[in-house]
$ cat protein_2.cif   # mmCIF, C-alpha atoms
data_protein
#
loop_
_atom_site.label_atom_id
_atom_site.label_comp_id
_atom_site.auth_asym_id
_atom_site.auth_seq_id
_atom_site.Cartn_x
_atom_site.Cartn_y
_atom_site.Cartn_z
CA MET A 5 -12.72 -30.25 -5.53
CA PRO A 6 -15.72 -28.96 -3.55
CA LEU A 7 -15.45 -27.52 -0.05
CA GLU A 8 -16.78 -30.67 1.62
CA ASP A 9 -13.98 -32.72 0.04
CA MET A 10 -11.17 -30.50 1.31
CA PRO A 11 -8.69 -32.31 3.58
CA LEU A 12 -8.71 -31.71 7.31
CA PRO A 13 -6.41 -28.75 7.98
CA ALA A 14 -3.49 -29.16 10.34
CA ARG A 15 -3.94 -25.50 11.28
CA THR A 16 -6.56 -22.80 10.77
CA ILE A 17 -5.92 -19.07 10.87
CA ASP A 18 -8.65 -16.45 10.92
CA THR A 19 -7.61 -13.22 9.21
CA SER A 20 -11.12 -11.73 9.25
CA GLY A 21 -11.01 -7.94 9.27
CA GLN A 22 -7.48 -7.84 7.88
CA LEU A 23 -6.99 -6.41 4.44
CA CYS A 24 -4.47 -6.72 1.64
CA PRO A 25 -1.67 -7.73 2.04
CA PHE A 26 -1.98 -8.98 5.62
CA PRO A 27 -3.98 -12.19 5.00
CA ILE A 28 -1.11 -13.27 2.76
CA VAL A 29 1.49 -12.13 5.29
CA GLU A 30 -0.27 -14.25 7.94
CA THR A 31 -0.52 -17.17 5.54
CA ALA A 32 3.20 -17.06 4.81
CA ARG A 33 3.98 -16.99 8.52
CA ALA A 34 1.64 -19.91 9.26
CA VAL A 35 2.88 -22.06 6.38
CA LYS A 36 6.47 -21.67 7.63
CA GLY A 37 5.49 -23.43 10.83
CA LEU A 38 3.81 -26.41 9.13
CA ASP A 39 5.28 -29.78 8.21
CA ALA A 40 5.65 -30.46 4.49
CA GLY A 41 2.39 -31.76 3.06
CA ALA A 42 0.26 -30.34 5.89
CA VAL A 43 -2.81 -28.28 5.03
CA LEU A 44 -3.56 -24.75 6.23
CA LEU A 45 -7.05 -23.28 6.23
CA VAL A 46 -7.13 -19.50 5.93
CA ILE A 47 -10.37 -17.70 6.75
CA ALA A 48 -10.50 -14.18 5.30
CA THR A 49 -12.97 -11.38 4.70
CA ASP A 50 -10.74 -9.55 2.18
CA PRO A 51 -12.35 -10.43 -1.16
CA GLY A 52 -8.93 -10.13 -2.78
CA ILE A 53 -7.98 -13.43 -1.17
CA ALA A 54 -9.73 -15.26 -4.00
CA THR A 55 -7.13 -13.99 -6.50
CA ASP A 56 -4.21 -13.47 -4.09
CA MET A 57 -4.04 -16.97 -2.67
CA PRO A 58 -3.66 -18.89 -5.97
CA MET A 59 -0.97 -16.40 -7.08
CA TRP A 60 0.90 -16.59 -3.78
CA CYS A 61 0.81 -20.40 -3.90
CA LYS A 62 2.14 -20.42 -7.46
CA ALA A 63 4.95 -18.02 -6.54
CA THR A 64 5.95 -19.98 -3.46
CA ARG A 65 5.36 -23.43 -4.98
CA ASN A 66 2.77 -24.34 -2.37
CA GLU A 67 -0.40 -26.09 -3.51
CA HIS A 68 -3.61 -24.10 -3.67
CA LEU A 69 -6.37 -26.63 -3.04
CA GLY A 70 -9.26 -24.20 -3.33
CA THR A 71 -10.83 -20.96 -2.12
CA PHE A 72 -14.54 -20.93 -1.33
CA ARG A 73 -17.04 -18.21 -0.50
CA ASP A 74 -18.65 -18.89 2.85
CA GLY A 75 -21.20 -16.22 3.68
CA THR A 76 -19.31 -12.96 4.11
CA ALA A 77 -15.97 -14.75 4.38
CA TRP A 78 -13.71 -16.87 2.21
CA LYS A 79 -12.08 -20.17 3.10
CA SER A 80 -8.81 -20.92 1.43
CA PHE A 81 -6.98 -24.26 1.64
CA VAL A 82 -3.22 -24.45 1.09
CA ARG A 83 -0.99 -27.51 1.19
CA LYS A 84 2.61 -26.81 2.12
CA GLN A 85 5.06 -27.79 -0.58
CA THR A 86 6.47 -31.25 -0.03
CA ARG A 87 10.08 -30.63 -1.09
CA MET B 6 32.04 -23.26 -12.74
CA LYS B 7 30.32 -20.03 -11.76
CA ARG B 8 28.43 -20.43 -8.46
CA GLN B 9 24.73 -19.63 -8.47
CA ALA B 10 24.08 -16.13 -7.26
CA LYS B 11 21.20 -15.18 -5.01
CA ALA B 12 19.45 -11.83 -5.16
CA ILE B 13 16.68 -9.85 -3.50
CA ALA B 14 14.24 -8.25 -5.93
CA MET B 15 12.26 -5.23 -4.89
CA ILE B 16 9.08 -5.50 -6.87
CA SER B 17 5.88 -3.53 -7.18
CA GLY B 18 4.55 -5.71 -9.98
CA GLY B 19 4.60 -2.86 -12.48
CA LEU B 20 6.11 -3.38 -15.90
CA ASP B 21 9.63 -2.23 -14.95
CA SER B 22 10.05 -4.41 -11.88
CA THR B 23 8.52 -7.39 -13.72
CA LEU B 24 11.07 -6.95 -16.51
CA ALA B 25 13.95 -6.58 -14.05
CA LEU B 26 12.81 -9.78 -12.38
CA ALA B 27 12.69 -11.62 -15.70
CA LEU B 28 16.13 -10.31 -16.79
CA VAL B 29 17.81 -11.50 -13.62
CA ARG B 30 15.91 -14.78 -13.41
CA ARG B 31 16.88 -15.77 -16.96
CA GLN B 32 20.54 -15.62 -15.91
CA GLY B 33 19.92 -18.46 -13.45
CA VAL B 34 20.07 -16.27 -10.38
CA GLU B 35 18.05 -17.47 -7.40
CA VAL B 36 15.68 -14.64 -6.58
CA LYS B 37 13.58 -13.78 -3.59
CA ALA B 38 11.11 -10.97 -4.24
CA VAL B 39 10.19 -8.44 -1.60
CA ASN B 40 7.26 -6.07 -1.64
CA PHE B 41 7.15 -3.33 0.97
CA TYR B 42 3.86 -2.33 2.58
CA THR B 43 3.90 1.39 3.36
CA GLY B 44 0.20 2.08 3.92
CA PHE B 45 0.16 4.54 1.01
CA CYS B 46 -0.59 2.21 -1.89
CA ILE B 47 -3.59 3.40 -3.92
CA THR B 48 -4.45 -0.09 -5.18
CA GLU B 49 -4.43 -1.53 -1.68
CA THR B 50 -6.70 1.28 -0.52
CA GLN B 51 -9.06 0.62 -3.44
CA ARG B 52 -9.24 -2.97 -2.31
CA ARG B 53 -9.91 -1.89 1.28
CA LYS B 54 -12.84 0.09 -0.01
CA GLY B 55 -14.34 -2.90 -1.79
CA GLY B 56 -12.75 -2.51 -5.22
CA ARG B 57 -13.41 -0.37 -8.25
CA PRO B 58 -16.73 1.37 -8.98
CA ASP B 59 -17.59 -1.45 -11.43
CA GLY B 60 -17.28 -3.99 -8.59
CA THR B 61 -14.05 -5.60 -9.75
CA ILE B 62 -11.21 -6.10 -7.28
CA PRO B 63 -7.82 -4.78 -8.43
CA ARG B 64 -5.19 -7.48 -8.65
CA ASN B 65 -2.20 -7.55 -6.38
CA GLU B 66 0.37 -6.96 -9.12
CA ALA B 67 3.42 -7.86 -7.04
CA LEU B 68 1.90 -11.26 -6.35
CA ARG B 69 0.97 -11.59 -10.01
CA ALA B 70 4.52 -10.88 -11.15
CA ALA B 71 6.02 -13.29 -8.63
CA ALA B 72 3.52 -15.97 -9.59
CA ASP B 73 4.11 -15.56 -13.34
CA LEU B 74 7.87 -15.87 -12.89
CA GLU B 75 7.60 -18.41 -10.07
CA VAL B 76 9.64 -16.36 -7.66
CA ASP B 77 9.19 -16.63 -3.91
CA ILE B 78 7.75 -13.40 -2.53
CA GLU B 79 7.65 -11.89 0.93
CA TYR B 80 5.66 -8.89 2.13
CA VAL B 81 7.48 -6.63 4.53
CA ASP B 82 5.50 -4.11 6.56
CA ILE B 83 7.58 -0.96 6.89
CA SER B 84 4.71 1.33 7.88
CA GLY B 85 5.43 2.51 11.39
CA ARG B 86 7.26 5.07 13.48
CA GLY B 87 10.55 5.08 11.60
CA TYR B 88 8.90 5.31 8.20
CA PHE B 89 6.47 8.02 9.29
CA ASP B 90 9.26 10.08 10.84
CA MET B 91 11.14 9.88 7.55
CA LEU B 92 8.05 11.12 5.69
CA VAL B 93 7.74 14.11 7.99
CA ASN B 94 11.42 15.07 7.96
CA PRO B 95 12.89 14.00 4.63
CA ARG B 96 16.59 14.76 4.30
CA TRP B 97 16.37 15.08 0.52
CA GLY B 98 13.05 16.88 0.48
CA TYR B 99 9.72 16.28 -1.21
CA GLY B 100 8.84 15.86 -4.86
CA ALA B 101 5.87 17.76 -6.28
CA ASN B 102 3.57 16.63 -3.45
CA ALA B 103 4.12 14.74 -0.18
CA ASN B 104 6.48 12.29 -1.85
CA PRO B 105 9.99 12.18 -0.41
CA CYS B 106 10.98 9.60 -3.01
CA VAL B 107 14.73 9.67 -2.42
CA ASP B 108 14.37 9.26 1.34
CA CYS B 109 11.74 6.57 0.83
CA ARG B 110 14.04 4.64 -1.50
CA VAL B 111 16.91 4.93 0.97
CA PHE B 112 14.62 3.67 3.75
CA MET B 113 13.48 0.70 1.67
CA MET B 114 16.97 -0.15 0.44
CA ARG B 115 18.27 -0.21 4.00
CA ARG B 116 15.61 -2.81 4.81
CA ALA B 117 16.44 -4.64 1.59
CA LYS B 118 20.10 -4.74 2.64
CA GLU B 119 19.11 -6.32 5.97
CA ILE B 120 17.06 -8.91 4.09
CA MET B 121 19.94 -9.51 1.66
CA GLU B 122 22.30 -10.20 4.55
CA ALA B 123 19.80 -12.37 6.42
CA GLU B 124 19.14 -14.43 3.29
CA GLY B 125 22.82 -14.72 2.37
CA ALA B 126 22.10 -13.04 -0.95
CA ASP B 127 24.72 -11.33 -3.12
CA PHE B 128 22.85 -8.25 -4.26
CA VAL B 129 19.58 -6.33 -4.43
CA PHE B 130 17.94 -5.26 -7.66
CA THR B 131 15.06 -2.99 -8.67
CA GLY B 132 13.12 -1.96 -11.76
CA GLU B 133 14.39 1.62 -11.61
CA VAL B 134 15.13 3.29 -14.94
CA LEU B 135 17.63 6.11 -15.29
CA GLY B 136 15.86 9.38 -16.01
CA GLN B 137 12.34 8.00 -15.69
CA ARG B 138 11.35 9.98 -12.61
CA PRO B 139 12.34 13.61 -12.21
CA LYS B 140 13.64 13.30 -8.66
CA SER B 141 14.33 9.78 -7.54
CA GLN B 142 15.69 8.25 -10.75
CA ARG B 143 18.29 10.77 -11.83
CA ARG B 144 21.88 9.56 -12.03
CA ASP B 145 22.85 11.53 -8.92
CA THR B 146 19.89 10.37 -6.83
CA LEU B 147 20.28 6.74 -7.87
CA ARG B 148 23.81 7.05 -6.55
CA ILE B 149 22.63 8.70 -3.32
CA VAL B 150 20.20 5.83 -2.71
CA GLU B 151 22.95 3.28 -3.30
CA ARG B 152 25.44 5.03 -1.03
CA GLU B 153 23.10 5.99 1.81
CA SER B 154 21.46 2.56 2.00
CA GLY B 155 24.83 0.90 2.52
CA LEU B 156 24.33 -1.16 -0.64
CA ASP B 157 27.37 0.34 -2.34
CA GLY B 158 28.13 -1.80 -5.39
CA ARG B 159 25.41 -4.28 -4.55
CA LEU B 160 22.39 -2.46 -5.94
CA LEU B 161 21.71 -3.50 -9.53
CA ARG B 162 19.29 -1.74 -11.86
CA PRO B 163 19.01 -4.31 -14.67
CA LEU B 164 17.01 -2.06 -17.03
CA SER B 165 19.65 0.70 -17.02
CA ALA B 166 22.70 -1.31 -15.96
CA LYS B 167 24.75 -0.60 -19.09
CA LEU B 168 24.40 3.12 -18.47
CA LEU B 169 25.60 2.87 -14.87
CA ALA B 170 28.89 1.85 -13.26
CA PRO B 171 29.32 -1.95 -13.08
CA THR B 172 28.17 -3.40 -9.78
CA ILE B 173 30.02 -6.02 -7.75
CA PRO B 174 27.88 -8.95 -9.01
CA GLU B 175 28.63 -7.85 -12.57
CA GLN B 176 32.36 -7.51 -11.84
CA GLU B 177 32.42 -10.92 -10.16
CA GLY B 178 30.64 -12.51 -13.11
CA LEU B 179 27.59 -13.52 -11.06
CA VAL B 180 25.51 -11.51 -13.51
CA ASP B 181 26.34 -11.11 -17.20
CA ARG B 182 26.29 -7.36 -17.87
CA SER B 183 25.96 -7.94 -21.59
CA LEU B 184 22.52 -9.47 -21.00
CA LEU B 185 21.27 -6.43 -19.12
CA GLU B 186 19.73 -3.31 -20.66
CA ASP B 187 20.57 0.33 -21.39
CA ILE B 188 17.11 1.88 -21.08
CA SER B 189 16.68 5.48 -19.96
CA GLY B 190 14.02 8.16 -19.98
CA ARG B 191 10.29 8.37 -19.51
CA SER B 192 9.12 6.54 -22.63
CA ARG B 193 8.04 2.95 -22.05
CA HIS B 194 8.47 1.80 -25.67
CA ARG B 195 11.70 -0.08 -24.99
CA GLN B 196 10.15 -1.80 -22.00
CA MET B 197 7.15 -2.88 -24.05
CA GLU B 198 9.42 -4.29 -26.75
CA LEU B 199 11.46 -6.09 -24.11
CA ALA B 200 8.28 -7.50 -22.54
CA ALA B 201 7.33 -8.94 -25.92
CA GLN B 202 10.83 -10.44 -26.36
CA LEU B 203 10.72 -12.00 -22.90
CA GLY B 204 7.20 -13.35 -23.39
CA ILE B 205 5.69 -11.15 -20.73
CA ALA B 206 2.18 -10.27 -21.83
CA ASP B 207 0.34 -9.75 -18.58
CA TYR B 208 1.34 -6.53 -16.84
CA PRO B 209 -0.50 -3.42 -15.65
CA GLN B 210 -0.57 -0.42 -17.94
CA PRO B 211 2.16 2.00 -16.89
CA ALA B 212 0.35 4.65 -14.86
CA GLY B 213 3.08 6.62 -13.12
CA GLY B 214 3.02 4.86 -9.79
CA CYS B 215 0.55 3.83 -7.19
CA CYS B 216 1.54 5.95 -4.20
CA TYR B 217 -0.87 8.33 -2.48
CA LEU B 218 2.03 10.56 -1.47
CA THR B 219 2.35 11.66 -5.09
CA ASP B 220 -1.33 12.69 -5.21
CA GLU B 221 -2.02 16.41 -4.89
CA ASN B 222 -5.27 16.05 -2.93
CA PHE B 223 -3.78 13.53 -0.57
CA ALA B 224 -0.73 15.73 -0.04
CA ARG B 225 -2.95 18.62 1.05
CA LYS B 226 -4.51 16.43 3.74
CA PHE B 227 -1.11 15.07 4.74
CA PHE B 228 0.40 18.51 5.31
CA ASP B 229 -2.80 19.73 6.98
CA VAL B 230 -2.35 17.10 9.72
CA LEU B 231 1.24 18.19 10.30
CA ASP B 232 0.46 21.92 10.16
CA ALA B 233 -2.46 21.60 12.58
CA ARG B 234 -0.30 19.73 15.09
CA GLU B 235 2.35 22.41 14.81
CA ALA B 236 -0.25 25.18 15.24
CA ARG B 237 -1.39 23.48 18.46
CA GLY B 238 2.20 23.55 19.72
CA GLU B 239 2.73 19.82 19.13
CA ALA B 240 5.49 18.10 17.20
CA ARG B 241 4.97 17.63 13.46
CA ARG B 242 4.34 13.91 13.39
CA LEU B 243 2.17 11.35 11.69
CA GLU B 244 0.38 8.42 13.35
CA ARG B 245 -0.72 5.15 11.79
CA GLU B 246 -4.38 6.10 12.26
CA ASP B 247 -3.81 9.40 10.44
CA VAL B 248 -2.63 7.43 7.43
CA LEU B 249 -5.74 5.25 7.37
CA LEU B 250 -8.04 8.26 7.71
CA LEU B 251 -6.26 10.44 5.14
CA SER B 252 -7.60 8.32 2.30
CA THR B 253 -11.13 8.14 3.70
CA GLY B 254 -13.93 10.70 3.45
CA ARG B 255 -14.22 14.44 2.94
CA HIS B 256 -11.98 16.37 5.32
CA PHE B 257 -12.91 19.78 6.72
CA ARG B 258 -10.47 21.77 8.84
CA LEU B 259 -12.65 23.56 11.41
CA SER B 260 -9.64 25.04 13.23
CA PRO B 261 -6.16 23.86 14.24
CA ARG B 262 -7.92 22.21 17.18
CA ALA B 263 -10.59 20.32 15.26
CA LYS B 264 -11.15 18.45 12.01
CA LEU B 265 -14.29 16.88 10.58
CA ILE B 266 -14.19 13.76 8.38
CA VAL B 267 -17.40 12.86 6.53
CA GLY B 268 -17.86 9.45 4.90
CA ARG B 269 -18.69 9.51 1.18
CA THR B 270 -19.91 5.95 0.72
CA GLU B 271 -21.26 3.10 2.83
CA VAL B 272 -17.82 1.50 2.77
CA GLU B 273 -16.21 4.71 4.02
CA ASN B 274 -18.87 5.01 6.73
CA ALA B 275 -18.00 1.48 7.83
CA LEU B 276 -14.27 2.29 7.79
CA LEU B 277 -14.86 5.40 9.91
CA GLU B 278 -16.76 3.31 12.48
CA HIS B 279 -13.46 1.55 13.23
CA HIS B 280 -11.89 4.86 14.31
CA VAL B 281 -14.55 6.20 16.68
CA GLU B 282 -12.42 5.74 19.78
CA GLY B 283 -11.00 9.06 20.93
CA ARG B 284 -13.17 10.98 18.47
CA ALA B 285 -16.73 12.28 18.34
CA ARG B 286 -19.08 10.29 16.11
CA VAL B 287 -21.57 12.54 14.35
CA GLU B 288 -24.59 11.38 12.35
CA ALA B 289 -28.04 12.70 11.43
CA ARG B 290 -30.57 11.04 13.74
CA ASP B 291 -33.86 10.70 11.87
CA VAL B 292 -32.75 10.76 8.23
CA LEU B 293 -30.17 8.78 6.31
CA GLY B 294 -26.79 10.39 6.11
CA PRO B 295 -23.06 9.86 6.38
CA VAL B 296 -21.10 8.80 9.42
CA ALA B 297 -18.67 11.54 10.41
CA LEU B 298 -15.88 11.86 12.92
CA VAL B 299 -14.60 14.96 14.65
CA GLU B 300 -11.03 14.91 15.86
CA GLY B 301 -9.62 17.23 18.48
CA VAL B 302 -11.30 19.70 20.79
CA PRO B 303 -13.87 21.78 18.89
CA THR B 304 -15.46 24.90 20.33
CA TRP B 305 -19.23 25.14 20.64
CA GLU B 306 -19.40 27.04 17.36
CA GLU B 307 -17.28 24.40 15.65
CA ARG B 308 -19.53 21.63 16.97
CA VAL B 309 -22.57 23.33 15.49
CA LEU B 310 -20.75 23.93 12.21
CA ALA B 311 -19.70 20.27 12.05
CA ALA B 312 -23.30 19.20 12.68
CA ARG B 313 -24.52 21.54 9.94
CA ILE B 314 -22.01 20.09 7.46
CA VAL B 315 -22.99 16.52 8.35
CA ALA B 316 -26.67 17.46 7.85
CA ARG B 317 -25.78 18.96 4.45
CA TYR B 318 -24.45 15.61 3.15
CA GLY B 319 -27.48 13.55 4.28
CA LYS B 320 -30.99 12.99 2.98
CA GLY B 321 -32.20 15.89 5.10
CA LYS B 322 -30.07 18.44 3.28
CA ASP B 323 -33.17 20.30 2.02
CA ALA B 324 -35.02 20.17 5.34
CA PRO B 325 -35.19 23.36 7.42
CA ARG B 326 -33.77 21.62 10.50
CA VAL B 327 -32.04 18.29 11.03
CA ALA B 328 -31.38 16.52 14.32
CA VAL B 329 -27.73 15.55 14.46
CA GLU B 330 -26.47 13.17 17.10
CA TRP B 331 -23.07 13.92 18.63
CA ARG B 332 -21.67 10.91 20.48
CA GLU B 333 -18.47 10.85 22.52
CA GLY B 334 -18.14 7.60 24.45
CA ASP B 335 -21.28 7.34 26.58
CA LEU B 336 -22.08 11.03 26.23
CA VAL B 337 -24.75 11.76 23.59
CA GLU B 338 -26.01 15.18 22.59
CA VAL B 339 -28.43 16.12 19.84
CA TYR B 340 -28.10 19.37 17.89
CA GLU B 341 -31.05 20.69 15.89
CA VAL B 342 -29.33 22.51 13.02
CA GLU B 343 -29.96 24.01 9.63
CA PRO B 344 -27.93 22.15 6.96
CA GLU B 345 -24.96 24.20 5.77
CA HIS B 346 -25.61 25.45 2.23
CA ASP B 347 -22.89 28.04 1.87
CA GLU B 348 -20.76 26.23 -0.73
CA ALA B 349 -18.02 28.86 -0.60
CA LYS B 350 -17.72 28.36 3.14
CA LEU B 351 -17.62 24.59 2.71
CA GLU B 352 -14.91 24.89 0.07
CA ALA B 353 -12.87 27.19 2.30
CA LEU B 354 -12.99 24.62 5.10
CA ARG B 355 -12.33 21.66 2.85
CA VAL B 356 -8.83 20.24 3.03
#
$ encode --input "protein_2.cif" --output "structure tokens"
Amino acid sequence: MPLEDMPLPARTIDTSGQLCPFPIVETARAVKGLDAGAVLLVIATDPGIATDMPMWCKATRNEHLGTFRDGTAWKSFVRKQTR
Amino acid sequence: MKRQAKAIAMISGGLDSTLALALVRRQGVEVKAVNFYTGFCITETQRRKGGRPDGTIPRNEALRAAADLEVDIEYVDISGRGYFDMLVNPRWGYGANANPCVDCRVFMMRRAKEIMEAEGADFVFTGEVLGQRPKSQRRDTLRIVERESGLDGRLLRPLSAKLLAPTIPEQEGLVDRSLLEDISGRSRHRQMELAAQLGIADYPQPAGGCCYLTDENFARKFFDVLDAREARGEARRLEREDVLLLSTGRHFRLSPRAKLIVGRTEVENALLEHHVEGRARVEARDVLGPVALVEGVPTWEERVLAARIVARYGKGKDAPRVAVEWREGDLVEVYEVEPEHDEAKLEALRV
């Protein structure tokens, strides 16, 4: 699914400037506060986010909707697990 | 019917902790994985510096292991005052370099015990292998870690379990001891065979750890910081910023009062720019060259020497004179210096 088709996020966090593993730490914290099924948008400048986010989502059974390069940053969309 | 046990896995994502995770998971135990951030991980630092020389970004292996085995994972940041104080004053001493592995394990296991209790878990497990590491994985030190962390009887080492005393979860039947392993020693052949049996194909090549504290060059810089503070009459202590700077740039000890750090790459120059506050920023003015920082209170002679070294590592290294800008807050001075070419002198100053 392309970036323009991503669902509207319920919350956006900007982790720009933070490096491994803190974008994931912030993501975990933010997802905890979301309702099941809600979408989180994570903005990051750590290039590792492109591989970290799909793996974190698989481990935690959240849904990785997509991670996109956006200039010098990455935008990563995560849907909180519904169960 | 046996109730389902819950456990906390301490994982690095290396082969051993991945195998331990798989061994416990296949017994139906609910597992939560924990990875501790210390600030000394070589892979993390590589990623901070933009990846490997070939442009690839190293994987986060703990995340990879948790993802492959579908185990929930949490990162826990333990870098901070308590951890740094332990590093400076280890009760059980250092290994070959700045690595107080026994103290570090005790520190981590104490946190793991807190997490175990908060999560209502029954035990903690690790990928440690009896006899694999000369200091921290001997029978006596494994026992020290278990006792001193307060995890007595609740710290399982699945890869060597059959060679160690049965733990409480084994005695209670929450974990079947017969399905655990009896691996010992430094060879990884048994682990590789086990990985094949368990269908684990994707793991990093065993490389003897990923901690800067075990690195000889890093250790020299680590102890230099402590020794210089002591020589100035200050307490031997480590700050968070020290840790970030220790893995960045060339370090030159000008005196106990002053140290010069010279960036080696554009990425290091950019990293150093984040630590200008409270330090002098030094850079050649009219020619390309590294960003450098000077910590402490240098004498006039040390300022000139620092400027000469910075000039030496820039494009003006063969020029007779180079203008070097010395900036401290709003105060800017320019030193016209001859680049330092005395390699023996540079080596003597190099930490």
$ closest_atom_pairs --input "protein_2.cif" --of "chain B" --to "chain A" --cutoff "9 Å" --atoms "only C-alpha atoms" --output "JSON lines"
{"residue": "B:Tyr42", "atom": "CA", "partner": "A:Pro25", "partner_atom": "CA", "distance": 7.7}
{"residue": "B:Glu49", "atom": "CA", "partner": "A:Cys24", "partner_atom": "CA", "distance": 6.2}
{"residue": "B:Thr50", "atom": "CA", "partner": "A:Cys24", "partner_atom": "CA", "distance": 8.6}
{"residue": "B:Arg52", "atom": "CA", "partner": "A:Gly52", "partner_atom": "CA", "distance": 7.2}
{"residue": "B:Arg53", "atom": "CA", "partner": "A:Leu23", "partner_atom": "CA", "distance": 6.2}
{"residue": "B:Gly55", "atom": "CA", "partner": "A:Pro51", "partner_atom": "CA", "distance": 7.8}
{"residue": "B:Gly56", "atom": "CA", "partner": "A:Gly52", "partner_atom": "CA", "distance": 8.9}
{"residue": "B:Ile62", "atom": "CA", "partner": "A:Gly52", "partner_atom": "CA", "distance": 6.5}
{"residue": "B:Pro63", "atom": "CA", "partner": "A:Gly52", "partner_atom": "CA", "distance": 7.9}
{"residue": "B:Arg64", "atom": "CA", "partner": "A:Thr55", "partner_atom": "CA", "distance": 7.1}
{"residue": "B:Asn65", "atom": "CA", "partner": "A:Asp56", "partner_atom": "CA", "distance": 6.7}
{"residue": "B:Leu68", "atom": "CA", "partner": "A:Met59", "partner_atom": "CA", "distance": 5.9}
{"residue": "B:Arg69", "atom": "CA", "partner": "A:Met59", "partner_atom": "CA", "distance": 6.0}
{"residue": "B:Ala70", "atom": "CA", "partner": "A:Ala63", "partner_atom": "CA", "distance": 8.5}
{"residue": "B:Ala71", "atom": "CA", "partner": "A:Ala63", "partner_atom": "CA", "distance": 5.3}
{"residue": "B:Ala72", "atom": "CA", "partner": "A:Ala63", "partner_atom": "CA", "distance": 3.9}
{"residue": "B:Asp73", "atom": "CA", "partner": "A:Ala63", "partner_atom": "CA", "distance": 7.3}
{"residue": "B:Leu74", "atom": "CA", "partner": "A:Ala63", "partner_atom": "CA", "distance": 7.3}
{"residue": "B:Glu75", "atom": "CA", "partner": "A:Ala63", "partner_atom": "CA", "distance": 4.4}
{"residue": "B:Val76", "atom": "CA", "partner": "A:Ala63", "partner_atom": "CA", "distance": 5.1}
{"residue": "B:Asp77", "atom": "CA", "partner": "A:Thr64", "partner_atom": "CA", "distance": 4.7}
{"residue": "B:Ile78", "atom": "CA", "partner": "A:Ala63", "partner_atom": "CA", "distance": 6.7}
{"residue": "B:Glu79", "atom": "CA", "partner": "A:Val29", "partner_atom": "CA", "distance": 7.6}
{"residue": "B:Tyr80", "atom": "CA", "partner": "A:Val29", "partner_atom": "CA", "distance": 6.2}
{"residue": "B:Val81", "atom": "CA", "partner": "A:Val29", "partner_atom": "CA", "distance": 8.2}
{"residue": "B:Asp82", "atom": "CA", "partner": "A:Phe26", "partner_atom": "CA", "distance": 9.0}
$ resolve_selection --input "protein_2.cif" --expression "the PyMOL selection byres ((chain B and resi 208) around 12)" --output "PyMOL selection string"
chain B and resi 17-24+64-71+73+196-197+200-201+204-207+209-212
$ resolve_selection --input "protein_2.cif" --expression "the PyMOL selection byres ((chain B and resi 354) around 7)" --output "list in words"
Phe257, Arg258, Leu259, Lys350, Leu351, Glu352, Ala353, Arg355 and Val356 of chain B
$ resolve_selection --input "protein_2.cif" --expression "the PyMOL selection byres ((chain B and resi 288) around 7)" --output "list in words"
Arg286, Val287, Ala289, Arg290, Gly294, Pro295, Val296, Ala297, Val315, Val329, Glu330 and Trp331 of chain B
$ closest_residue --input "protein_2.cif" --among "B:Ala328, B:Glu271, B:Phe41, B:Arg284" --to "Tyr340 in chain B" --atoms "only C-alpha atoms"
B:Ala328
$ residues_around --input "protein_2.cif" --residues "Glu153 in chain B" --least-positions-apart "2" --cutoff "12 Å" --atoms "only C-alpha atoms" --output "list in words"
Arg96, Trp97, Val107, Asp108, Cys109, Arg110, Val111, Phe112, Met113, Met114, Arg115, Arg116, Lys118, Thr146, Leu147, Arg148, Ile149, Val150, Glu151, Gly155, Leu156, Asp157, Gly158 and Leu160 of chain B
$ atom_distance --input "protein_2.cif" --atom1 "CA of Gly60 in chain B" --atom2 "CA of Leu249 in chain B"
21.8 Å
$ atom_distance --input "protein_2.cif" --atom1 "CA of Ile13 in chain B" --atom2 "CA of Phe128 in chain B"
6.4 Å
$ decode --input "protein_2.cif" --residues "range 21-42 of chain A" --atoms "C-alpha atoms" --output "PDB file, in the first residue's frame"
ATOM      1  CA  GLY A  21      17.336  12.531  16.191  1.00  0.00           C
ATOM      2  CA  GLN A  22      16.868   9.429  18.335  1.00  0.00           C
ATOM      3  CA  LEU A  23      18.855   6.365  17.458  1.00  0.00           C
ATOM      4  CA  CYS A  24      18.556   2.629  17.942  1.00  0.00           C
ATOM      5  CA  PRO A  25      16.817   1.370  20.043  1.00  0.00           C
ATOM      6  CA  PHE A  26      14.929   4.460  21.197  1.00  0.00           C
ATOM      7  CA  PRO A  27      12.530   4.882  18.239  1.00  0.00           C
ATOM      8  CA  ILE A  28      11.299   1.379  19.040  1.00  0.00           C
ATOM      9  CA  VAL A  29      11.168   2.117  22.768  1.00  0.00           C
ATOM     10  CA  GLU A  30       9.016   5.185  22.012  1.00  0.00           C
ATOM     11  CA  THR A  31       6.856   3.176  19.630  1.00  0.00           C
ATOM     12  CA  ALA A  32       6.199   0.518  22.265  1.00  0.00           C
ATOM     13  CA  ARG A  33       5.255   3.188  24.784  1.00  0.00           C
ATOM     14  CA  ALA A  34       2.913   4.949  22.336  1.00  0.00           C
ATOM     15  CA  VAL A  35       1.215   1.754  21.158  1.00  0.00           C
ATOM     16  CA  LYS A  36       0.416   0.837  24.780  1.00  0.00           C
ATOM     17  CA  GLY A  37      -1.714   3.959  25.047  1.00  0.00           C
ATOM     18  CA  LEU A  38      -3.721   3.315  21.864  1.00  0.00           C
ATOM     19  CA  ASP A  39      -7.065   1.568  21.467  1.00  0.00           C
ATOM     20  CA  ALA A  40      -6.975  -1.768  19.653  1.00  0.00           C
ATOM     21  CA  GLY A  41      -7.076  -1.235  15.900  1.00  0.00           C
ATOM     22  CA  ALA A  42      -5.833   2.365  16.105  1.00  0.00           C
TER      23      ALA A  42
END
